[in-house]
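J.: Below are the structure tokens for one structure; questions will follow.
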Amino acid sequence: QSALGLPGAPRRFLVFVGRLDRQKDPQLLVHSFAEAHRRDPRLHLLLVGRGDLDAETQRACASLGITDRVSFMGVQPRTRIAEVLRASDLFLMASAYEGMPIAVLEALATGLPVVTTEVGEVGLVVKNGVSGRICTERTPVAMADAIVGALARREAMCGAPCERAVASYSPERILGAVFDNHRRQAARAPEPN
């Protein structure tokens with residue numbers, strides 16, 4: 001963790017990767033983190049990304065008294081994001097709406113459990129107590145409950161259970177059928193004019 005420039009131990013790192021905008025609801029995210037931090041002062045939130053709510057999110061952290069427990073990391077290269085995911089204890093997402101968020105798939109693929117709001121298709125990969133927790137109520141207290149609950153079961157969820165949750169979303173499986181179809185089409189004899 002120190003090699004990544006992250007705050008010193010003993011800390012438990014919660015990470016969010018994405019845009020800081022209305023869809024991702026960083027206000028719910030930082031308020032939920034503040035509630036979880038009250039219960040476990042070792043927690044530290046890493047925010048990777050930027051958006052039109054950067055300043056508003058920083059003001060919220062200041063008003064909640066958690067500025068020293070939140071790192072605004074800005075936009076990072078993919079290799080750095082992978083390192084941050086590997087150094088973290090949980091991935092957080094408080095989105096108001098989603099489809100199937102790539103950031104959740106990437107976190108799970110690194111073996112990192114996910115705590116998320118109940119949006120889009122996340123229920124296909126995030127299973128309560130197996131690969132993370134889905135929060136059905138959009139409140140800071142409910143999200144904090146989910147965070148604390150996931151941290152209590154982190155060892156059982158981390159690694160293989162998370163990786164298995166997204167195995168069917170690997171590029172080989174998703175794109176294999178597309179490439180096979182292209183090969184079949186290319187091998188077909190041209191139709192006579």
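Ordering of the structure tokens sets the chain letters (A, B, ...); residue numbers start at 1 within each chain; ligands are numbered from 1 in the order shown.
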Do a neighbour search on Arg22 in chain A at 9 Å with only C-alpha atoms, toss out local chain neighbours closer than 6 positions, and write the hits as a count of residues only.

T.: 4

J.: May I have the residues within 7 Å of Cys135 in chain A as a compact mmCIF listing (two decimals) with all heavy atoms, in the first residue's frame, using only C-alpha atoms and disregarding those fewer than 4 positions away in the same chain?

T.:
# COMPACT_ATOMS: atom_id res chain seq x y z
N THR A 116 -22.88 -2.42 -3.31
CA THR A 116 -23.52 -1.58 -4.32
C THR A 116 -24.99 -1.34 -3.99
O THR A 116 -25.62 -2.13 -3.28
CB THR A 116 -23.41 -2.25 -5.71
OG1 THR A 116 -24.09 -1.44 -6.68
CG2 THR A 116 -24.00 -3.64 -5.73
N THR A 117 -25.52 -0.28 -4.56
CA THR A 117 -26.95 -0.07 -4.52
C THR A 117 -27.58 -1.06 -5.50
O THR A 117 -26.91 -1.61 -6.37
CB THR A 117 -27.29 1.39 -4.94
OG1 THR A 117 -26.57 1.71 -6.13
CG2 THR A 117 -26.93 2.36 -3.85
N GLU A 118 -28.87 -1.27 -5.34
CA GLU A 118 -29.59 -2.23 -6.20
C GLU A 118 -29.99 -1.52 -7.49
O GLU A 118 -31.00 -0.83 -7.55
CB GLU A 118 -30.83 -2.74 -5.47
CG GLU A 118 -31.55 -3.83 -6.21
CD GLU A 118 -32.71 -4.39 -5.41
OE1 GLU A 118 -33.38 -3.62 -4.69
OE2 GLU A 118 -32.93 -5.60 -5.50
N ALA A 142 -28.21 2.44 5.69
CA ALA A 142 -28.32 1.13 5.05
C ALA A 142 -27.04 0.77 4.30
O ALA A 142 -26.57 -0.37 4.36
CB ALA A 142 -29.52 1.11 4.10
N MET A 143 -26.46 1.75 3.61
CA MET A 143 -25.19 1.49 2.91
C MET A 143 -24.08 1.17 3.90
O MET A 143 -23.28 0.27 3.67
CB MET A 143 -24.79 2.69 2.05
CG MET A 143 -25.54 2.84 0.74
SD MET A 143 -25.07 1.66 -0.55
CE MET A 143 -23.41 2.18 -0.95
N ALA A 146 -24.36 -2.31 5.03
CA ALA A 146 -23.86 -3.22 4.00
C ALA A 146 -22.33 -3.25 3.98
O ALA A 146 -21.72 -4.31 3.85
CB ALA A 146 -24.41 -2.82 2.63

J.: Name the residues of range 33-120 of chain A that fall into helix (DSSP H, G or I) according to DSSP on the backbone, using the chain letters and numbers of this document, as a ChimeraX atom specification.

T.: /A:33-39,54-64,67-69,78-87,102-109

J.: Neighbours of range 30-41 of chain A within 12 Å (only C-alpha atoms; same-chain residues fewer than 6 positions away dropped), as number ranges by chain?

T.: A: 9-16, 20, 24, 47, 54, 56-72, 90-94, 115-117, 135, 137-152

J.: Using Å and a single decimal, report how far CA of Arg50 in chain A sits from CA of Gly120 in chain A.

T.: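 Distance reported for this atom pair: 22.3 Å.
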
J.: I'd like the neighbourhood of Gly51 in chain A as a list in words, where a residue qualifies if any of its atoms comes within 9 Å (using only C-alpha atoms), though same-chain residues fewer than 5 positions away should be ignored.

T.: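 After dropping sequence-adjacent residues, the list is Gly18, Arg19, Leu20 and Asp21 of chain A.
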
J.: How would the residues just chosen look if you wrote them out with all heavy atoms as a compact mmCIF listing (two decimals), in the first residue's frame?

T.:
# COMPACT_ATOMS: atom_id res chain seq x y z
N GLY A 18 -14.89 5.71 -10.98
CA GLY A 18 -15.91 6.17 -11.90
C GLY A 18 -16.01 7.68 -11.91
O GLY A 18 -15.20 8.38 -11.30
N ARG A 19 -17.01 8.18 -12.61
CA ARG A 19 -17.23 9.62 -12.69
C ARG A 19 -17.92 10.11 -11.41
O ARG A 19 -18.79 9.44 -10.87
CB ARG A 19 -18.14 9.96 -13.88
CG ARG A 19 -17.58 9.61 -15.23
CD ARG A 19 -18.58 9.89 -16.35
NE ARG A 19 -19.96 9.56 -16.06
CZ ARG A 19 -20.47 8.33 -16.14
NH1 ARG A 19 -19.72 7.31 -16.50
NH2 ARG A 19 -21.75 8.12 -15.87
N LEU A 20 -17.54 11.27 -10.98
CA LEU A 20 -18.24 11.90 -9.86
C LEU A 20 -19.34 12.78 -10.47
O LEU A 20 -19.15 13.96 -10.73
CB LEU A 20 -17.27 12.73 -9.01
CG LEU A 20 -16.20 11.91 -8.28
CD1 LEU A 20 -15.24 12.82 -7.55
CD2 LEU A 20 -16.82 10.89 -7.34
N ASP A 21 -20.48 12.14 -10.72
CA ASP A 21 -21.61 12.84 -11.33
C ASP A 21 -22.92 12.35 -10.71
O ASP A 21 -22.91 11.46 -9.86
CB ASP A 21 -21.61 12.70 -12.86
CG ASP A 21 -21.78 11.26 -13.35
OD1 ASP A 21 -22.15 10.37 -12.56
OD2 ASP A 21 -21.54 11.02 -14.54

J.: With only C-alpha atoms as the atoms that count, which of A:Ala109, A:Val48, A:Val17, A:Val75 lies nearest to Tyr169 in chain A?

T.: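 Among the listed residues, A:Ala109 lies closest to Tyr169 in chain A.
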
J.: Using only C-alpha atoms, which residue out of A:Ile102, A:Val125, A:Leu85, A:Leu45 lies closest to Cys162 in chain A?

T.: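 The closest residue to Cys162 in chain A is A:Val125.
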
J.: Figure out the distance between CA of Met157 in chain A and CA of Ser88 in chain A, please, to one decimal in Å.

T.: 13.5 Å

J.: Between A:Pro101, A:Gly8, A:Pro26, A:Gly49, which one has atoms that come closest to Leu124 in chain A, using only C-alpha atoms?

T.: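 Among A:Pro101, A:Gly8, A:Pro26, A:Gly49, it is A:Pro101 that comes nearest to Leu124 in chain A.
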